[in-house]
$ cat entry-v1.txt   # compact mmCIF, C-alpha atoms
# COMPACT_ATOMS: atom_id res chain seq x y z
CA MET A 23 41.25 120.91 221.49
CA ALA A 24 40.37 122.37 218.14
CA ARG A 25 43.98 123.34 217.58
CA PHE A 26 45.23 119.88 218.38
CA LYS A 27 42.79 118.33 215.94
CA SER A 28 43.88 120.52 213.06
CA ARG A 29 47.50 119.56 213.63
CA THR A 30 46.79 115.86 213.31
CA THR A 31 44.89 116.27 210.05
CA LYS A 32 47.82 118.18 208.55
CA LYS A 33 50.24 115.43 209.51
CA SER A 34 48.08 112.58 208.22
CA ILE A 35 50.01 112.02 204.95
CA PRO A 36 53.57 111.04 205.76
CA PRO A 37 56.20 111.40 203.00
CA ILE A 38 56.77 108.23 201.01
CA SER A 39 60.07 106.70 201.94
CA THR A 40 62.48 106.56 199.01
CA ALA A 41 65.08 104.59 200.86
CA SER A 42 64.37 101.45 198.86
CA LEU A 43 64.41 103.23 195.51
CA PRO A 44 68.12 102.54 194.92
CA ASP A 45 67.54 98.87 195.57
CA ILE A 46 64.74 98.72 193.02
CA VAL A 47 66.78 100.56 190.44
CA PHE A 48 69.81 98.37 191.07
CA MET A 49 67.66 95.33 190.59
CA LEU A 50 66.52 96.65 187.22
CA LEU A 51 70.09 97.52 186.36
CA PHE A 52 71.32 94.01 187.07
CA PHE A 53 68.46 92.54 185.10
CA PHE A 54 69.43 94.53 182.04
CA MET A 55 73.13 93.89 182.51
CA VAL A 56 72.55 90.16 182.57
CA SER A 57 69.90 89.79 179.91
CA THR A 58 71.32 92.04 177.22
CA SER A 59 74.52 92.05 175.27
CA MET A 60 76.67 94.92 174.11
CA ARG A 61 75.90 96.29 170.71
CA LYS A 62 78.91 95.18 168.76
CA ASN A 63 78.81 96.59 165.30
CA GLU A 64 77.32 99.70 163.91
CA LEU A 65 75.40 98.63 160.87
CA LYS A 66 76.25 100.35 157.65
CA VAL A 67 73.98 98.18 155.55
CA GLN A 68 70.28 97.65 155.89
CA VAL A 69 69.52 94.13 157.00
CA THR A 70 66.01 92.80 157.35
CA LEU A 71 66.40 89.18 158.27
CA PRO A 72 64.16 86.60 156.61
CA ASP A 73 61.69 84.60 158.68
CA ALA A 74 62.03 80.91 159.45
CA THR A 75 60.46 78.44 161.80
CA GLU A 76 63.27 75.91 162.28
CA VAL A 77 65.52 78.29 164.16
CA LYS A 78 68.17 77.26 166.59
CA LYS A 79 69.74 79.63 169.05
CA LEU A 80 73.29 80.64 168.31
CA GLU A 81 75.49 79.44 171.12
CA LYS A 82 78.85 80.70 172.33
CA LYS A 83 78.54 84.23 171.06
CA SER A 84 82.20 84.95 171.65
CA LEU A 85 83.06 82.46 168.93
CA VAL A 86 80.81 83.98 166.32
CA SER A 87 82.00 86.30 163.59
CA TYR A 88 79.47 88.23 161.61
CA ILE A 89 79.17 89.04 157.95
CA PHE A 90 76.50 91.52 156.97
CA ILE A 91 75.18 91.77 153.46
CA GLY A 92 72.63 94.26 152.27
CA GLU A 93 71.92 97.58 150.68
CA PRO A 94 74.02 100.44 152.11
CA MET A 95 72.22 102.72 154.56
CA PRO A 96 70.73 105.85 152.95
CA ALA A 97 73.57 107.97 154.36
CA TYR A 98 76.12 105.95 152.38
CA GLN A 99 74.13 105.50 149.22
CA SER A 100 75.53 108.58 147.52
CA LYS A 101 78.98 107.09 147.88
CA TYR A 102 78.40 103.38 147.46
CA GLY A 103 75.19 103.16 145.43
CA THR A 104 72.31 100.85 146.18
CA GLU A 105 73.77 97.49 145.15
CA PRO A 106 74.05 95.06 148.10
CA MET A 107 77.41 95.28 149.80
CA ILE A 108 79.35 93.29 152.36
CA GLN A 109 80.12 94.71 155.78
CA LEU A 110 82.82 93.20 157.95
CA ASN A 111 83.37 94.69 161.40
CA ASP A 112 82.60 98.36 160.97
CA GLN A 113 83.39 98.91 157.35
CA PHE A 114 82.37 98.04 153.84
CA ALA A 115 84.44 95.28 152.36
CA THR A 116 84.94 93.35 149.18
CA LEU A 117 84.91 89.61 148.65
CA ASN A 118 88.67 89.45 148.86
CA ASP A 119 88.68 90.90 152.38
CA ILE A 120 86.81 87.90 153.75
CA ARG A 121 89.86 85.68 153.92
CA ASP A 122 91.78 88.29 155.95
CA TYR A 123 88.77 88.86 158.16
CA ILE A 124 88.48 85.17 158.99
CA ALA A 125 92.22 84.99 159.60
CA ALA A 126 92.04 87.98 161.94
CA GLU A 127 89.09 86.49 163.79
CA ARG A 128 91.01 83.26 164.26
CA GLU A 129 94.07 85.10 165.48
CA SER A 130 92.11 86.61 168.33
CA ARG A 131 90.88 83.24 169.61
CA SER A 132 92.85 80.49 171.25
CA GLU A 133 93.82 77.51 169.16
CA ALA A 134 91.45 75.13 170.91
CA GLU A 135 88.45 77.29 170.06
CA ILE A 136 89.09 77.57 166.33
CA PRO A 137 87.12 74.44 165.32
CA PHE A 138 84.05 75.78 167.10
CA MET A 139 84.07 79.16 165.43
CA THR A 140 80.94 79.98 163.50
CA THR A 141 80.32 82.59 160.86
CA SER A 142 76.91 84.13 161.06
CA LEU A 143 75.57 85.43 157.78
CA LYS A 144 73.21 88.30 158.35
CA VAL A 145 71.79 88.84 154.93
CA ASP A 146 68.96 91.08 153.87
CA GLU A 147 65.99 89.14 152.58
CA ASN A 148 65.92 91.01 149.28
CA THR A 149 69.51 90.28 148.37
CA ASN A 150 70.15 88.09 145.37
CA MET A 151 71.82 84.77 146.03
CA GLY A 152 74.76 85.64 143.76
CA ILE A 153 76.65 87.65 146.34
CA VAL A 154 75.74 85.20 149.10
CA THR A 155 77.13 82.33 147.07
CA ASP A 156 80.34 84.25 146.39
CA VAL A 157 80.73 84.82 150.12
CA LYS A 158 80.10 81.14 150.80
CA MET A 159 82.75 80.16 148.27
CA LYS A 160 85.23 82.51 149.96
CA LEU A 161 84.39 80.98 153.33
CA ARG A 162 85.00 77.54 151.92
CA GLU A 163 88.38 78.67 150.63
CA ALA A 164 89.18 80.14 154.03
CA ASN A 165 88.10 76.85 155.60
CA ALA A 166 85.48 78.53 157.78
CA LEU A 167 82.90 75.82 157.23
CA LYS A 168 80.52 76.31 160.11
CA ILE A 169 78.02 78.90 159.05
CA ASN A 170 74.72 80.07 160.33
CA TYR A 171 72.02 81.71 158.26
CA SER A 172 70.70 84.30 160.65
CA THR A 173 66.92 84.46 160.64
CA ARG A 174 64.09 85.74 162.74
CA LYS A 175 62.00 83.13 164.41
CA THR A 176 58.35 83.05 163.51
CA LEU A 177 55.73 80.88 165.04
CA HIS A 178 54.63 77.76 163.25
CA LYS A 179 52.42 78.41 160.30
CA MET B 17 88.18 113.54 223.70
CA ALA B 18 84.64 112.53 223.40
CA LYS B 19 83.88 109.86 220.86
CA ARG B 20 82.05 111.51 218.02
CA PRO B 21 79.66 109.26 216.10
CA ILE B 22 80.52 108.94 212.43
CA PRO B 23 77.85 110.81 210.51
CA GLU B 24 75.67 108.66 208.31
CA ILE B 25 76.50 108.82 204.60
CA ASN B 26 73.74 110.40 202.65
CA ALA B 27 72.36 107.76 200.29
CA GLY B 28 69.84 110.02 198.68
CA SER B 29 71.80 110.29 195.46
CA MET B 30 72.33 106.55 195.19
CA ALA B 31 69.14 106.24 193.19
CA ASP B 32 70.34 108.86 190.74
CA ILE B 33 73.63 107.06 190.22
CA ALA B 34 71.87 103.76 189.69
CA PHE B 35 69.44 105.34 187.25
CA LEU B 36 72.32 106.76 185.30
CA LEU B 37 73.95 103.35 185.03
CA LEU B 38 70.64 101.78 184.13
CA ILE B 39 70.05 104.22 181.31
CA PHE B 40 73.59 103.71 180.06
CA PHE B 41 73.04 99.96 179.81
CA LEU B 42 69.63 100.38 178.23
CA VAL B 43 71.12 102.48 175.47
CA THR B 44 74.31 100.56 174.73
CA THR B 45 73.03 97.01 174.80
CA THR B 46 70.67 94.98 172.70
CA MET B 47 68.40 92.22 173.74
CA ASP B 48 67.97 90.39 170.48
CA VAL B 49 68.87 86.73 170.63
CA ASP B 50 70.74 85.56 167.62
CA GLY B 51 69.13 82.59 166.02
CA GLY B 52 69.45 80.95 162.71
CA MET B 53 69.91 77.81 160.74
CA ALA B 54 73.28 76.25 161.35
CA ARG B 55 74.83 74.62 158.33
CA LYS B 56 78.15 73.12 157.41
CA LEU B 57 79.74 74.01 154.12
CA PRO B 58 81.54 71.31 152.17
CA PRO B 59 85.31 71.74 152.33
CA SER B 60 86.79 73.34 149.27
CA ILE B 61 88.17 70.80 146.84
CA PRO B 62 91.52 71.37 145.16
CA LYS B 63 91.13 71.44 141.39
CA ASP B 64 93.17 68.33 140.54
CA THR B 65 91.52 65.83 142.90
CA PRO B 66 89.59 63.04 141.19
CA LEU B 67 85.83 63.29 141.31
CA PRO B 68 84.14 61.25 144.02
CA PRO B 69 82.08 58.29 142.80
CA PRO B 70 78.75 59.59 141.54
CA ILE B 71 75.69 59.08 143.68
CA LYS B 72 72.93 57.02 142.13
CA GLU B 73 70.26 59.05 140.41
CA ARG B 74 67.48 57.74 142.62
CA ASN B 75 69.34 58.80 145.77
CA VAL B 76 69.41 62.46 144.82
CA LEU B 77 66.41 64.70 145.22
CA ALA B 78 67.18 67.70 143.08
CA VAL B 79 65.54 70.89 144.28
CA HIS B 80 65.92 73.89 142.02
CA ILE B 81 65.02 77.50 142.58
CA ASN B 82 65.22 79.68 139.50
CA LYS B 83 65.81 83.38 139.22
CA ASP B 84 62.09 84.10 139.35
CA ASN B 85 61.94 82.31 142.70
CA ASN B 86 60.02 79.36 141.32
CA LEU B 87 60.59 75.99 142.88
CA ALA B 88 61.00 72.68 141.07
CA VAL B 89 61.70 69.20 142.38
CA GLU B 90 63.22 66.76 139.89
CA GLY B 91 62.23 69.19 137.17
CA ASN B 92 58.55 69.40 138.10
CA PRO B 93 57.36 72.77 139.35
CA ILE B 94 55.74 72.45 142.76
CA ASP B 95 54.40 74.69 145.48
CA ILE B 96 56.54 75.20 148.56
CA SER B 97 53.86 73.76 150.82
CA GLN B 98 54.36 70.34 149.19
CA LEU B 99 58.11 70.32 149.65
CA ARG B 100 58.27 69.18 153.24
CA ASN B 101 56.25 66.04 152.69
CA MET B 102 58.06 65.26 149.45
CA VAL B 103 61.40 65.38 151.24
CA LYS B 104 60.12 63.24 154.10
CA ASP B 105 58.73 60.67 151.68
CA PHE B 106 61.94 60.70 149.71
CA ILE B 107 64.09 60.07 152.78
CA ILE B 108 62.12 57.39 154.60
CA ASN B 109 60.61 55.84 151.46
CA PRO B 110 58.08 53.75 153.38
CA ARG B 111 56.82 51.72 150.42
CA ASN B 112 60.27 51.11 148.91
CA ASP B 113 59.40 53.08 145.82
CA GLU B 114 61.88 52.58 142.97
CA LYS B 115 62.05 56.30 142.30
CA LEU B 116 62.75 57.37 145.89
CA SER B 117 65.92 56.94 147.88
CA GLU B 118 67.44 53.58 148.77
CA THR B 119 67.13 52.63 152.41
CA GLU B 120 69.11 50.05 154.32
CA THR B 121 68.18 48.50 157.62
CA LEU B 122 70.78 48.47 160.34
CA ALA B 123 70.92 44.67 160.13
CA MET B 124 71.74 44.86 156.41
CA LYS B 125 74.45 47.43 157.04
CA LYS B 126 75.96 45.22 159.70
CA ALA B 127 75.94 42.21 157.36
CA ASP B 128 77.65 44.30 154.66
CA ALA B 129 80.30 45.45 157.07
CA LEU B 130 80.87 41.91 158.27
CA ALA B 131 81.35 40.78 154.68
CA THR B 132 83.96 43.46 154.01
CA GLY B 133 85.53 42.98 157.42
CA ASN B 134 85.19 46.59 158.52
CA ALA B 135 85.24 46.13 162.29
CA LYS B 136 84.54 49.76 163.15
CA ILE B 137 81.28 49.87 161.21
CA VAL B 138 80.25 46.49 162.65
CA ASN B 139 80.72 47.89 166.14
CA ASP B 140 78.83 51.06 165.26
CA MET B 141 75.94 49.11 163.82
CA GLU B 142 75.73 46.75 166.80
CA ARG B 143 75.58 49.77 169.07
CA LEU B 144 72.79 51.32 167.01
CA ILE B 145 70.88 48.03 166.72
CA ARG B 146 70.83 47.72 170.50
CA ILE B 147 69.01 51.02 170.71
CA PHE B 148 66.95 51.32 167.57
CA GLY B 149 66.33 47.68 166.68
CA PRO B 150 67.62 45.89 163.57
CA ASN B 151 64.80 47.05 161.29
CA THR B 152 65.40 50.77 161.58
CA THR B 153 66.42 52.10 158.19
CA ILE B 154 69.08 54.57 157.22
CA SER B 155 68.49 56.39 153.97
CA LYS B 156 71.16 56.93 151.36
CA GLY B 157 69.21 59.88 150.03
CA VAL B 158 70.70 63.32 149.58
CA VAL B 159 68.73 66.47 148.94
CA SER B 160 70.55 68.67 146.49
CA LEU B 161 69.56 72.30 146.58
CA GLN B 162 70.51 74.34 143.60
CA ASN B 163 69.77 77.99 143.18
CA ASP B 164 70.34 80.67 140.61
CA ARG B 165 72.44 83.75 141.25
CA GLY B 166 69.29 85.80 140.85
CA THR B 167 67.30 83.90 143.45
CA LYS B 168 66.10 86.05 146.32
CA TYR B 169 67.68 85.23 149.67
CA ALA B 170 64.28 85.20 151.37
CA LYS B 171 63.08 82.44 149.02
CA TYR B 172 66.28 80.49 149.50
CA ILE B 173 65.87 80.60 153.28
CA GLU B 174 62.23 79.63 152.95
CA VAL B 175 63.21 76.53 151.00
CA GLN B 176 66.09 75.75 153.38
CA ASN B 177 63.64 76.09 156.22
CA GLU B 178 61.31 73.52 154.68
CA LEU B 179 64.20 71.12 154.07
CA VAL B 180 65.51 71.44 157.61
CA GLY B 181 61.93 71.19 158.84
CA ALA B 182 61.45 67.90 157.03
CA PHE B 183 64.57 66.43 158.63
CA ASN B 184 63.59 67.80 162.04
CA GLU B 185 60.18 66.16 161.76
CA LEU B 186 61.79 62.84 160.91
CA LYS B 187 64.12 63.15 163.88
CA ASN B 188 61.19 63.99 166.11
CA GLU B 189 59.22 60.98 164.90
CA LEU B 190 62.15 58.67 165.57
CA SER B 191 62.86 60.23 168.97
CA ILE B 192 59.25 59.82 170.04
CA ARG B 193 59.17 56.23 168.81
CA ILE B 194 62.36 55.23 170.62
CA TYR B 195 62.60 57.51 173.62
CA GLY B 196 59.06 58.84 173.92
CA LYS B 197 60.30 62.42 173.88
CA GLU B 198 60.79 65.10 171.27
CA PHE B 199 64.25 65.45 169.78
CA ASP B 200 64.91 68.83 171.39
CA LYS B 201 64.18 67.44 174.82
CA LEU B 202 66.62 64.55 174.55
CA PRO B 203 70.01 64.70 176.24
CA GLU B 204 72.89 65.38 173.93
CA TYR B 205 74.22 61.84 173.58
CA GLN B 206 70.79 60.59 172.51
CA GLN B 207 70.52 63.42 170.01
CA GLU B 208 73.83 62.31 168.51
CA LEU B 209 72.47 58.76 168.13
CA VAL B 210 69.32 60.00 166.41
CA LYS B 211 71.48 62.09 164.09
CA GLU B 212 73.38 58.95 163.08
CA ILE B 213 70.13 57.41 161.87
CA ILE B 214 68.87 60.58 160.21
CA PRO B 215 71.78 62.73 159.09
CA LEU B 216 71.04 66.17 157.74
CA SER B 217 71.99 65.34 154.18
CA ILE B 218 71.42 68.55 152.29
CA SER B 219 73.98 69.33 149.67
CA GLU B 220 74.31 72.85 148.42
CA ALA B 221 75.41 72.65 144.86
CA GLU B 222 77.24 75.55 143.37
CA PRO B 223 74.81 77.83 141.59
CA ARG B 224 74.40 77.98 137.90
CA ASN B 225 75.76 81.17 136.49
CA VAL B 226 73.17 81.28 133.79
CA GLY B 227 70.39 83.75 134.26
CA GLY B 228 72.65 86.43 135.73
CA LYS B 229 71.34 88.99 138.11

$ encode --input "entry-v1.txt" --output "structure tokens"
Amino acid sequence: MARFKSRTTKKSIPPISTASLPDIVFMLLFFFMVSTSMRKNELKVQVTLPDATEVKKLEKKSLVSYIFIGEPMPAYQSKYGTEPMIQLNDQFATLNDIRDYIAAERESRSEAEIPFMTTSLKVDENTNMGIVTDVKMKLREANALKINYSTRKTLHK
Amino acid sequence: MAKRPIPEINAGSMADIAFLLLIFFLVTTTMDVDGGMARKLPPSIPKDTPLPPPIKERNVLAVHINKDNNLAVEGNPIDISQLRNMVKDFIINPRNDEKLSETETLAMKKADALATGNAKIVNDMERLIRIFGPNTTISKGVVSLQNDRGTKYAKYIEVQNELVGAFNELKNELSIRIYGKEFDKLPEYQQELVKEIIPLSISEAEPRNVGGK
């Protein structure tokens, strides 16, 4: 009798079943796959976006081309200095590259989508407007008129 | 031969595989939603085209930001907190102030179009009158934003934000008056109609090159 009792007390904690663990993890996986987007560009310039309240969400991400403007990252400062620079795709660029960049972006879309293409300007808040204006003039020349000043959304003041 | 049962596949490592995938997606993706202020640039004008007819002085609200990030409206320095109401006043001009923008009621616009025989505008106006009533006004006002090359981008966006905010508030007021709902909650075709009454008329003048960096 005493022996039997001791056996039951030993067995009282059954192992936790991990059979449903894959399901839980898969659920998490799908959540992240759906709610996130692939990191597209590696930033070579530092961009702290300015704050704004009247922000609209950027739609149709596949039709958006990005232009980054800001100070080069510390790793590149020995080569490029600290003046704000333009980054297109993965590399530093000059003003004159913008036209080719827009042309290349258009090439990769179908004709019907071209009027809906947007250029998103991701500009560091401490940049002077001079370079931004130059970029805007180049975009006008390239006939890429839909632009979007990228900002962070803040709550109403 | 005796039928041998197919042995069950061991699913113990399934969790590991899924974890691996999960971590891969966590690392390579971002969650940030891209938002911003959408704007349309004016098309570039070839050099030899004649200048468009000038807009009347009273219909332009000139907003300047200088290289020290100071704000002025029509030459008078103001604080940014005043800007939104100034723009709203300028656009709707409720007391028909001589100095603020000209407004036209839909009925007036229709009469004008009838006089010139422009059938398309007459149709447009009749359509708008049916929804908004003949006494709704459309402003001729344009906000002209001019900045210096040395202006900080953060300040520029702050001012843009106030300007867009002023127009958004006007749209909201009209939407609530007509449809009883905020502009953002209206279906798209109603939003388009509201936009016809209150267009986002912000002109971005080319910056002055004086002042330098």

$ interface_residues --input "entry-v1.txt" --of "chain A" --to "chain B" --cutoff "7 Å" --atoms "only C-alpha atoms" --output "VMD selection string"
chain A and resid 43 to 44 47 to 48 51 54 to 55 57 to 61 72 74 to 80 147 to 152 162 to 163 165 167 to 174

$ write_last_selection --input "entry-v1.txt" --atoms "C-alpha atoms" --output "compact mmCIF listing (two decimals), keeping the file's coordinate frame"
# COMPACT_ATOMS: atom_id res chain seq x y z
CA LEU A 43 64.41 103.23 195.51
CA PRO A 44 68.12 102.54 194.92
CA VAL A 47 66.78 100.56 190.44
CA PHE A 48 69.81 98.37 191.07
CA LEU A 51 70.09 97.52 186.36
CA PHE A 54 69.43 94.53 182.04
CA MET A 55 73.13 93.89 182.51
CA SER A 57 69.90 89.79 179.91
CA THR A 58 71.32 92.04 177.22
CA SER A 59 74.52 92.05 175.27
CA MET A 60 76.67 94.92 174.11
CA ARG A 61 75.90 96.29 170.71
CA PRO A 72 64.16 86.60 156.61
CA ALA A 74 62.03 80.91 159.45
CA THR A 75 60.46 78.44 161.80
CA GLU A 76 63.27 75.91 162.28
CA VAL A 77 65.52 78.29 164.16
CA LYS A 78 68.17 77.26 166.59
CA LYS A 79 69.74 79.63 169.05
CA LEU A 80 73.29 80.64 168.31
CA GLU A 147 65.99 89.14 152.58
CA ASN A 148 65.92 91.01 149.28
CA THR A 149 69.51 90.28 148.37
CA ASN A 150 70.15 88.09 145.37
CA MET A 151 71.82 84.77 146.03
CA GLY A 152 74.76 85.64 143.76
CA ARG A 162 85.00 77.54 151.92
CA GLU A 163 88.38 78.67 150.63
CA ASN A 165 88.10 76.85 155.60
CA LEU A 167 82.90 75.82 157.23
CA LYS A 168 80.52 76.31 160.11
CA ILE A 169 78.02 78.90 159.05
CA ASN A 170 74.72 80.07 160.33
CA TYR A 171 72.02 81.71 158.26
CA SER A 172 70.70 84.30 160.65
CA THR A 173 66.92 84.46 160.64
CA ARG A 174 64.09 85.74 162.74

$ residues_near_point --input "entry-v1.txt" --point "(88.1, 83.1, 163.4)" --cutoff "8 Å" --atoms "all atoms listed in the file" --output "MDAnalysis selection string"
chainID A and resid 85:87 123:131 136 139:140 166

$ atom_distance --input "entry-v1.txt" --atom1 "CA of Asn111 (chain A)" --atom2 "CA of Val56 (chain A)"
24.2 Å

$ atom_distance --input "entry-v1.txt" --atom1 "CA of Val79 (chain B)" --atom2 "CA of Asp95 (chain B)"
11.8 Å

$ atom_distance --input "entry-v1.txt" --atom1 "CA of Arg146 (chain B)" --atom2 "CA of Leu209 (chain B)"
11.4 Å

$ axis_aligned_box --input "entry-v1.txt" --around "region 70-81 of chain A" --padding-each-side "8 Å" --output "AutoDock Vina command-line options"
--center_x 68.0 --center_y 84.4 --center_z 163.9 --size_x 31.0 --size_y 32.9 --size_z 30.5

$ residues_around --input "entry-v1.txt" --residues "Ala127 (chain B)" --least-positions-apart "3" --cutoff "12 Å" --atoms "only C-alpha atoms" --output "tab-separated table (two decimals) with C-alpha atoms, in the frame of the given file"
chain	number	residue	atom	x	y	z
B	120	GLU	CA	69.11	50.05	154.32
B	121	THR	CA	68.18	48.50	157.62
B	122	LEU	CA	70.78	48.47	160.34
B	123	ALA	CA	70.92	44.67	160.13
B	124	MET	CA	71.74	44.86	156.41
B	130	LEU	CA	80.87	41.91	158.27
B	131	ALA	CA	81.35	40.78	154.68
B	132	THR	CA	83.96	43.46	154.01
B	133	GLY	CA	85.53	42.98	157.42
B	134	ASN	CA	85.19	46.59	158.52
B	135	ALA	CA	85.24	46.13	162.29
B	137	ILE	CA	81.28	49.87	161.21
B	138	VAL	CA	80.25	46.49	162.65
B	139	ASN	CA	80.72	47.89	166.14
B	141	MET	CA	75.94	49.11	163.82
B	142	GLU	CA	75.73	46.75	166.80
B	150	PRO	CA	67.62	45.89	163.57
